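Notes follow the structure.
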Amino acid sequence: MAEYLSKAMAFAQDAAKLSVRLSEGLVDNALDFGLDTPGSFYDHAEFRLGQTRRELNSGSEKERLAAMKRLLACVAKGYDVSEYFADVVKNVATGSLEKRRLVYMFLLRYAEQEQDLALLSVNTFQRDVADSDAEIRAMALRVMSSIRVQAIGAVVTVAVRRLAGDSSPHVRRTAALAVPKLLRLDAGLREELQAVVNSMLGEGSALAVGAVAKAFRTVSPQQLPHAHAHFRRWCAQLGDADEWGQLELVRLLAAYARTQFARPVEGSRLDTDHTLLLQAVAPLLHSRNRAVVMGACAAVSHLAPESQLHLVAKPLVRVMRGSRESAYVALTAVLQVAQRHPQVFYPHVRSFFVAAADAPFVRRVKLQVLAELAAAETAPAMVGEVAAYTQSPLLDVAEGAVRVLLRCAQRVRSATVDCFQSLLLLAGNDQRPPVCAAAMRAVRALLLDGTLRDADSRAMTLYDILCFVARSLDKFTADGARSCVFALVADFAESRFGSQHALDVLRAGIRGFGQEGLEAKMQILELSTRLYLCAQKESDGVLAEALKPHCEYLQQLHAHVFTLARYDVSFQVRDRARCLRALAPLAGYDDALVETASHVVEAGLELLGSSATSNPPACTSKHSTGYTLGSLSQAVGREVSGYEPLADWPENPPKNVDRGPQVSVLAAASHAQPIAVAGISGRAGRADAGYSTPRSTADDDDLDAFLDSADDQPAKRIVQAQRSAVVFEQMYSSSSVDSSETESESENESEPESESESESSEPESESESESSELRHSSSSSSSSHC
């Protein structure tokens, strides 16, 4: 039995060893056959770092590749693996393109921390710059330019100068992107980099033109005249560039236009190149990239005349419907445009209504936009919606709605009474102190600026309004609301209400003076001072006649409230009491000032009267309109580091400037592609569209020379088709041609309006007809050859 058990235990141990070997073999086979997944490196990378150094120095290519993947997985998870930098540098000179990418990514991450070790790999990068593979050249230059070591600035500059004229557009793009990095590393290289960038301005590839524009704006922001010869070509390349390149080109062209063109004025004709830029930017308003849309909106907003600003309305509304961050940026741009031209967004006012899912910062800006859009055109849809917002449980929404109602009452005369009644009822019935205080401030603003007096009709007189406010004093608990009540009584002290009830309101305020807030205490002091000065005034006013029987009682109230203010806990209340007491000295208390009091009574009343309108309540917080639309400074409302403002329009713009060869507007707008081959501009469509046909601008010698030198086979076929079409047409008699032209002219005269409508509404169909005609000419050429 014992022998049997010992054999069984030995068998179990052998089985366990076999299982371990099989699992190790499966892992090795998975590595050999590429069955490993990226997730396997990411999940347990940090637990196998102990064997990474051995694998990096291993002779197996697969182990070194697995070690690099594990290191980058640890970097992605936030671990510091800079201790393996020296071992990674040894693998720079590798033949595997995949491993070389991983090594370059690791070096980009830790080159700034390990500058001395990073310099060891510079020689390898210099060799890779001359590699036959364009991707390796670009990767090597990207890593070299990203190593923030000032000692290699000259070496990187030489590499950038060398690769600026590379045959691959991807490499030229990398060289252009390296220029801003070098300038940040060493500002003394600016002149050399300017020469390199100026040589790259003639970039013809749409892949690299955006990077060249970025480099030019970085090293030569004040040398925009260098872009004269490339302006029209850049306008034509806008539609073909990648999204990042489109954004950079739009910014560069906008900065150029603000220094080279005259300010657009309604009714005046724009420069042809100015119009070309606006037409080239217009298709970008429909881009799927929000950054491109914002850049295009900024260009149109800052460059186009007022009649074309409506083009930015729908794109901004579309961007606003994205993420909440995008919505905030778009709304700040909408707010800036609406402050100058609110009529642009009148048709889209419902898009700015507050939704329950909106973030707090989005809600705030939406309410500010609604305040700017308050007008007779938007009042029917806005007033009812905003009035409902005042009952929102969100205090910021309710207070913002109060400000919007105030703006509607001030701007829309037909809605003044309705808005005022809503605000007055809200102030008297709402139990939320911040909302009640905001409503009372709005009521006071409407009563002081004369808006309610100029309204079409009023259901309540001033006396009724003030009585309602005074009766609501006991309901108000907010300091702002109570202070507005005392301020209103002081403002209209010489009215019918003041002569009858001002003294009662003052007595109610003094009774609870110790429990009042800071603002209410100051307004009670001003009300007492105003009533006391009116009683001392030598005139026959309504208020003076009403207060004369109560002069002794008023003097006692005045002395009592100033005694309370003298010992108040707030230094601001004590300071205000000392100031007002100098204007209205008390008999028996300030005998030295009473003798000269008659000289300051009128001045004191004038000073107190001017304080009522010196600081009117703000309807909404204003974003600055001086920043570039869509910039970070415009979004946060202040200038941030790196902000580059647009230059002001020149008073005397330069004239007769050569901005390169003429570019078709359709090429910029992407409606139809013109045929331009070896100086031949043609279009297979209408002959009256401003284009010349090939047979009228080129002879056979030009075509033969071009066919001999052209390497593009499609271009050869196009020119051959055009030549064959000419021969085919010459085979027929001129009589048939004349009859067909006469028939087409009669058709054009019979339906001119339908033709213009089809051209304006269906540009794509026109391009399709051009393509069909071109195919017809090709078929005709084949027939003629037969």
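Within each chain, counting starts at residue 1; across the structure tokens, chains are named A, B, ... in the order shown, with ligands numbered 1 upward in that order.
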Please provide the set of residues having any atom within 12 Å of range 180-193 of chain A, restricted to only C-alpha atoms, with same-chain residues fewer than 2 positions apart removed, written as a CSV table (one decimal) with N, CA and C atoms, in the first residue's frame.
chain,number,residue,atom,x,y,z
A,112,GLU,N,13.2,64.4,-21.7
A,112,GLU,CA,13.4,65.6,-20.9
A,112,GLU,C,14.0,65.3,-19.6
A,141,LEU,N,13.0,62.6,-37.0
A,141,LEU,CA,12.9,64.1,-36.9
A,141,LEU,C,12.0,64.5,-35.8
A,142,ARG,N,10.9,63.8,-35.7
A,142,ARG,CA,9.9,64.1,-34.6
A,142,ARG,C,10.5,63.9,-33.2
A,143,VAL,N,11.2,62.8,-33.1
A,143,VAL,CA,11.9,62.5,-31.8
A,143,VAL,C,13.0,63.5,-31.5
A,144,MET,N,13.8,63.8,-32.5
A,144,MET,CA,14.9,64.8,-32.2
A,144,MET,C,14.3,66.2,-31.9
A,145,SER,N,13.3,66.6,-32.5
A,145,SER,CA,12.7,67.9,-32.2
A,145,SER,C,12.0,67.9,-30.9
A,146,SER,N,11.6,66.8,-30.4
A,146,SER,CA,10.9,66.7,-29.1
A,146,SER,C,11.8,66.6,-27.9
A,147,ILE,N,13.1,66.3,-28.1
A,147,ILE,CA,14.0,66.3,-27.0
A,147,ILE,C,14.4,67.7,-26.6
A,148,ARG,N,13.9,68.1,-25.5
A,148,ARG,CA,14.1,69.5,-25.1
A,148,ARG,C,15.5,69.7,-24.4
A,149,VAL,N,16.5,69.6,-25.2
A,149,VAL,CA,17.9,69.8,-24.8
A,149,VAL,C,18.5,70.8,-25.7
A,150,GLN,N,18.8,72.0,-25.2
A,150,GLN,CA,19.2,73.1,-26.0
A,150,GLN,C,20.5,72.8,-26.7
A,151,ALA,N,21.3,71.9,-26.2
A,151,ALA,CA,22.6,71.6,-26.9
A,151,ALA,C,22.4,71.0,-28.3
A,152,ILE,N,21.3,70.4,-28.6
A,152,ILE,CA,21.1,69.8,-29.9
A,152,ILE,C,20.3,70.6,-30.8
A,153,GLY,N,20.0,71.9,-30.4
A,153,GLY,CA,19.2,72.8,-31.2
A,153,GLY,C,19.8,73.0,-32.6
A,154,ALA,N,21.1,73.1,-32.7
A,154,ALA,CA,21.7,73.3,-34.0
A,154,ALA,C,21.6,72.1,-34.9
A,155,VAL,N,21.8,70.9,-34.3
A,155,VAL,CA,21.7,69.7,-35.0
A,155,VAL,C,20.3,69.5,-35.6
A,156,VAL,N,19.3,69.8,-34.7
A,156,VAL,CA,17.9,69.6,-35.2
A,156,VAL,C,17.6,70.6,-36.3
A,157,THR,N,18.1,71.8,-36.2
A,157,THR,CA,17.9,72.8,-37.2
A,157,THR,C,18.4,72.4,-38.6
A,158,VAL,N,19.6,71.8,-38.5
A,158,VAL,CA,20.2,71.2,-39.8
A,158,VAL,C,19.3,70.2,-40.4
A,159,ALA,N,18.7,69.3,-39.5
A,159,ALA,CA,17.8,68.2,-40.0
A,159,ALA,C,16.5,68.8,-40.6
A,160,VAL,N,16.0,69.8,-39.9
A,160,VAL,CA,14.8,70.5,-40.4
A,160,VAL,C,15.0,71.1,-41.7
A,161,ARG,N,16.2,71.8,-41.9
A,161,ARG,CA,16.5,72.5,-43.1
A,161,ARG,C,16.6,71.4,-44.3
A,164,ALA,N,13.1,69.9,-45.1
A,164,ALA,CA,12.0,70.8,-45.5
A,164,ALA,C,11.8,70.7,-47.0
A,174,THR,N,6.2,67.0,-41.0
A,174,THR,CA,6.9,66.8,-39.7
A,174,THR,C,8.0,67.9,-39.5
A,175,ALA,N,8.7,68.3,-40.6
A,175,ALA,CA,9.7,69.3,-40.5
A,175,ALA,C,9.0,70.7,-40.2
A,176,ALA,N,7.9,70.9,-40.7
A,176,ALA,CA,7.2,72.2,-40.4
A,176,ALA,C,6.7,72.2,-39.0
A,177,LEU,N,6.2,71.0,-38.5
A,177,LEU,CA,5.8,71.0,-37.1
A,177,LEU,C,7.0,71.0,-36.1
A,178,ALA,N,8.1,70.7,-36.5
A,178,ALA,CA,9.3,70.8,-35.7
A,178,ALA,C,9.8,72.3,-35.5
A,195,ALA,N,14.0,81.6,-42.4
A,195,ALA,CA,14.4,81.3,-43.8
A,195,ALA,C,13.9,79.9,-44.2
A,196,VAL,N,13.9,79.0,-43.3
A,196,VAL,CA,13.4,77.6,-43.6
A,196,VAL,C,11.9,77.7,-44.0
A,197,VAL,N,11.2,78.4,-43.1
A,197,VAL,CA,9.7,78.5,-43.3
A,197,VAL,C,9.4,79.2,-44.6
A,198,ASN,N,10.1,80.3,-44.9
A,198,ASN,CA,9.9,81.0,-46.1
A,198,ASN,C,10.1,80.2,-47.4
A,199,SER,N,11.0,79.2,-47.3
A,199,SER,CA,11.3,78.3,-48.4
A,199,SER,C,10.2,77.3,-48.5
A,200,MET,N,9.4,77.1,-47.5
A,200,MET,CA,8.3,76.1,-47.5
A,200,MET,C,7.0,76.7,-47.8
A,211,ALA,N,0.5,72.5,-41.7
A,211,ALA,CA,1.7,72.6,-40.8
A,211,ALA,C,2.6,73.8,-41.2
A,212,VAL,N,2.7,74.1,-42.5
A,212,VAL,CA,3.5,75.2,-42.9
A,212,VAL,C,2.9,76.5,-42.4
A,213,ALA,N,1.5,76.6,-42.5
A,213,ALA,CA,0.8,77.8,-42.0
A,213,ALA,C,1.1,78.0,-40.5
A,214,LYS,N,1.0,76.9,-39.7
A,214,LYS,CA,1.3,77.0,-38.3
A,214,LYS,C,2.7,77.4,-38.0
A,215,ALA,N,3.7,76.9,-38.8
A,215,ALA,CA,5.1,77.3,-38.6
A,215,ALA,C,5.2,78.8,-38.9
A,216,PHE,N,4.6,79.2,-40.0
A,216,PHE,CA,4.7,80.6,-40.4
A,216,PHE,C,4.1,81.6,-39.4
A,217,ARG,N,3.0,81.2,-38.9
A,217,ARG,CA,2.3,82.1,-37.8
A,217,ARG,C,3.2,82.1,-36.6
A,218,THR,N,4.0,81.1,-36.3
A,218,THR,CA,4.8,81.0,-35.1
A,218,THR,C,6.0,81.8,-35.2
A,219,VAL,N,6.8,81.7,-36.3
A,219,VAL,CA,8.1,82.3,-36.4
A,219,VAL,C,8.0,83.7,-37.1
A,220,SER,N,6.9,84.0,-37.8
A,220,SER,CA,6.9,85.3,-38.5
A,220,SER,C,5.5,85.8,-38.4
A,221,PRO,N,5.0,86.1,-37.2
A,221,PRO,CA,3.6,86.6,-37.0
A,221,PRO,C,3.4,88.0,-37.6
Residues at most 9 Å from Arg109 in chain A, counting only C-alpha atoms, excluding those fewer than 5 positions away in the same chain, as number ranges by chain? A: 75, 82, 104
Close residues, Phe420 in chain A itself excluded, 7 Å, only C-alpha atoms, min 4 positions apart in chain, as a compact mmCIF listing (two decimals) with N, CA and C atoms, in the first residue's frame:
# COMPACT_ATOMS: atom_id res chain seq x y z
N ALA A 409 -38.63 93.97 -20.66
CA ALA A 409 -39.45 95.13 -20.31
C ALA A 409 -38.82 96.43 -20.78
N THR A 416 -43.78 95.54 -21.78
CA THR A 416 -43.30 96.17 -20.55
C THR A 416 -44.24 95.91 -19.38
N LEU A 424 -43.32 92.16 -10.25
CA LEU A 424 -43.89 92.69 -9.01
C LEU A 424 -44.57 91.58 -8.20
N VAL A 443 -37.70 95.70 -10.36
CA VAL A 443 -38.83 96.63 -10.22
C VAL A 443 -38.32 98.04 -10.01
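Restricting the calculation to only C-alpha atoms, the smallest distance between Met440 in chain A and any of A:Phe106, A:Phe476, A:Tyr4, A:Tyr532 is found for A:Phe476.
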Find, counting only C-alpha atoms, the residue in A:Arg288, A:His560, A:His274, A:Arg482 that gets nearest to Thr259 in chain A. A:His274
Looking only at helix (DSSP H, G or I) from DSSP on the backbone, list the matching residues of range 141-353 of chain A as a PyMOL selection string. chain A and resi 141-146+150-163+169-185+187-200+209-219+224-237+243-260+272-286+290-303+306-320+324-340+342-352
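A straight line drawn from CA of Thr332 in chain A to CA of Gln368 in chain A is 9.4 Å long.
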Contacts of Arg263 in chain A at 12 Å or less, counting only C-alpha atoms, minus same-chain residues fewer than 6 places along, as a list of chain:residue names?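 My reading of the contact set: A:Ala257, A:Arg269, A:Leu270, A:Asp271, A:His274, A:His302, A:Leu303, A:Ala304, A:Pro305, A:Glu306, A:Ala647, A:Asp648, A:Trp649, A:Pro650, A:Glu651, A:Asn652, A:Pro653.
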Residues just named, written with N, CA, C and O atoms as a PDB file, in the first residue's frame:
ATOM      1  N   ALA A 257      -5.939  88.906 -43.907  1.00  0.00           N
ATOM      2  CA  ALA A 257      -6.986  89.780 -44.447  1.00  0.00           C
ATOM      3  C   ALA A 257      -7.175  91.037 -43.611  1.00  0.00           C
ATOM      4  O   ALA A 257      -7.472  92.106 -44.155  1.00  0.00           O
ATOM      5  N   ARG A 269     -18.290  97.695 -52.578  1.00  0.00           N
ATOM      6  CA  ARG A 269     -17.809  96.458 -53.188  1.00  0.00           C
ATOM      7  C   ARG A 269     -16.523  96.000 -52.515  1.00  0.00           C
ATOM      8  O   ARG A 269     -15.607  96.790 -52.286  1.00  0.00           O
ATOM      9  N   LEU A 270     -16.467  94.715 -52.205  1.00  0.00           N
ATOM     10  CA  LEU A 270     -15.284  94.150 -51.571  1.00  0.00           C
ATOM     11  C   LEU A 270     -14.204  93.882 -52.613  1.00  0.00           C
ATOM     12  O   LEU A 270     -14.476  93.756 -53.809  1.00  0.00           O
ATOM     13  N   ASP A 271     -12.983  93.807 -52.125  1.00  0.00           N
ATOM     14  CA  ASP A 271     -11.872  93.396 -52.977  1.00  0.00           C
ATOM     15  C   ASP A 271     -12.119  91.973 -53.486  1.00  0.00           C
ATOM     16  O   ASP A 271     -12.711  91.145 -52.802  1.00  0.00           O
ATOM     17  N   HIS A 274     -10.644  89.475 -51.241  1.00  0.00           N
ATOM     18  CA  HIS A 274     -11.437  89.410 -50.014  1.00  0.00           C
ATOM     19  C   HIS A 274     -12.677  88.531 -50.226  1.00  0.00           C
ATOM     20  O   HIS A 274     -13.015  87.679 -49.386  1.00  0.00           O
ATOM     21  N   HIS A 302     -15.366  88.190 -38.285  1.00  0.00           N
ATOM     22  CA  HIS A 302     -14.404  89.286 -38.245  1.00  0.00           C
ATOM     23  C   HIS A 302     -14.066  89.849 -39.617  1.00  0.00           C
ATOM     24  O   HIS A 302     -13.428  90.910 -39.691  1.00  0.00           O
ATOM     25  N   LEU A 303     -14.457  89.159 -40.689  1.00  0.00           N
ATOM     26  CA  LEU A 303     -14.058  89.604 -42.025  1.00  0.00           C
ATOM     27  C   LEU A 303     -15.237  89.979 -42.921  1.00  0.00           C
ATOM     28  O   LEU A 303     -15.064  90.783 -43.833  1.00  0.00           O
ATOM     29  N   ALA A 304     -16.391  89.403 -42.687  1.00  0.00           N
ATOM     30  CA  ALA A 304     -17.512  89.591 -43.601  1.00  0.00           C
ATOM     31  C   ALA A 304     -18.300  90.848 -43.250  1.00  0.00           C
ATOM     32  O   ALA A 304     -18.297  91.298 -42.099  1.00  0.00           O
ATOM     33  N   PRO A 305     -18.981  91.439 -44.222  1.00  0.00           N
ATOM     34  CA  PRO A 305     -19.883  92.560 -43.914  1.00  0.00           C
ATOM     35  C   PRO A 305     -21.091  92.082 -43.115  1.00  0.00           C
ATOM     36  O   PRO A 305     -21.346  90.882 -42.985  1.00  0.00           O
ATOM     37  N   GLU A 306     -21.828  93.029 -42.592  1.00  0.00           N
ATOM     38  CA  GLU A 306     -22.941  92.696 -41.705  1.00  0.00           C
ATOM     39  C   GLU A 306     -24.015  91.875 -42.408  1.00  0.00           C
ATOM     40  O   GLU A 306     -24.675  91.045 -41.785  1.00  0.00           O
ATOM     41  N   ALA A 647      -5.379  92.124 -35.897  1.00  0.00           N
ATOM     42  CA  ALA A 647      -5.046  93.527 -36.132  1.00  0.00           C
ATOM     43  C   ALA A 647      -6.283  94.291 -36.600  1.00  0.00           C
ATOM     44  O   ALA A 647      -7.225  93.710 -37.151  1.00  0.00           O
ATOM     45  N   ASP A 648      -6.272  95.586 -36.370  1.00  0.00           N
ATOM     46  CA  ASP A 648      -7.374  96.416 -36.821  1.00  0.00           C
ATOM     47  C   ASP A 648      -7.274  96.634 -38.333  1.00  0.00           C
ATOM     48  O   ASP A 648      -6.197  96.501 -38.928  1.00  0.00           O
ATOM     49  N   TRP A 649      -8.395  96.963 -38.946  1.00  0.00           N
ATOM     50  CA  TRP A 649      -8.408  97.180 -40.392  1.00  0.00           C
ATOM     51  C   TRP A 649      -7.515  98.362 -40.760  1.00  0.00           C
ATOM     52  O   TRP A 649      -7.516  99.371 -40.063  1.00  0.00           O
ATOM     53  N   PRO A 650      -6.733  98.262 -41.809  1.00  0.00           N
ATOM     54  CA  PRO A 650      -5.854  99.382 -42.193  1.00  0.00           C
ATOM     55  C   PRO A 650      -6.655 100.536 -42.781  1.00  0.00           C
ATOM     56  O   PRO A 650      -7.671 100.336 -43.458  1.00  0.00           O
ATOM     57  N   GLU A 651      -6.196 101.741 -42.522  1.00  0.00           N
ATOM     58  CA  GLU A 651      -6.846 102.912 -43.102  1.00  0.00           C
ATOM     59  C   GLU A 651      -6.565 103.030 -44.589  1.00  0.00           C
ATOM     60  O   GLU A 651      -7.432 103.423 -45.369  1.00  0.00           O
ATOM     61  N   ASN A 652      -5.349 102.686 -44.989  1.00  0.00           N
ATOM     62  CA  ASN A 652      -4.965 102.729 -46.407  1.00  0.00           C
ATOM     63  C   ASN A 652      -4.430 101.351 -46.804  1.00  0.00           C
ATOM     64  O   ASN A 652      -3.220 101.096 -46.726  1.00  0.00           O
ATOM     65  N   PRO A 653      -5.292 100.436 -47.184  1.00  0.00           N
ATOM     66  CA  PRO A 653      -4.816  99.094 -47.532  1.00  0.00           C
ATOM     67  C   PRO A 653      -3.950  99.121 -48.773  1.00  0.00           C
ATOM     68  O   PRO A 653      -4.125  99.977 -49.653  1.00  0.00           O
TER      69      PRO A 653
END
For the atom pair CA of Leu466 in chain A and CA of Glu519 in chain A, what is the interatomic distance in Å to one decimal place?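 Result for CA of Leu466 in chain A versus CA of Glu519 in chain A: 19.5 Å, one decimal.
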I'd like to know which of A:Leu554, A:Met294, A:Leu65, A:Leu506 is closest to Val88 in chain A, using only C-alpha atoms. A:Leu65
Report as a PyMOL selection string all protein, DNA and RNA residues lying within 10 Å of Leu97 in chain A, evaluated on only C-alpha atoms, omitting residues in the same chain fewer than 5 positions from it. chain A and resi 102-103+135-136
Between A:Arg162, A:Arg53, A:His286, A:His228, which one has atoms that come closest to Gln260 in chain A, using only C-alpha atoms?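 For Gln260 in chain A, the nearest of the candidates is A:His228.
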Which residue gives the smallest distance to Leu580 in chain A among A:Ser414, A:Ser631, A:Asn429, A:Thr529, with only C-alpha atoms counted? A:Thr529
Shell around Trp234 in chain A at 8 Å using only C-alpha atoms, local window under 4 positions removed, as a PDB file with N, CA, C and O atoms, in the first residue's frame:
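Full text of part_36.pdb as output:
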ATOM      1  N   HIS A 230       1.139  83.546 -52.144  1.00  0.00           N
ATOM      2  CA  HIS A 230       0.537  82.246 -51.860  1.00  0.00           C
ATOM      3  C   HIS A 230      -0.914  82.364 -51.403  1.00  0.00           C
ATOM      4  O   HIS A 230      -1.533  81.345 -51.097  1.00  0.00           O
ATOM      5  N   LEU A 238      -7.976  75.155 -49.132  1.00  0.00           N
ATOM      6  CA  LEU A 238      -8.718  75.040 -47.872  1.00  0.00           C
ATOM      7  C   LEU A 238      -9.598  73.790 -47.845  1.00  0.00           C
ATOM      8  O   LEU A 238      -9.670  73.093 -46.832  1.00  0.00           O
ATOM      9  N   LEU A 249      -4.951  77.202 -41.504  1.00  0.00           N
ATOM     10  CA  LEU A 249      -5.021  78.055 -42.691  1.00  0.00           C
ATOM     11  C   LEU A 249      -6.040  79.177 -42.505  1.00  0.00           C
ATOM     12  O   LEU A 249      -5.793  80.326 -42.902  1.00  0.00           O
TER      13      LEU A 249
END
Quick one, how far is CA of Ala67 in chain A from CA of Ala93 in chain A? 16.0 Å
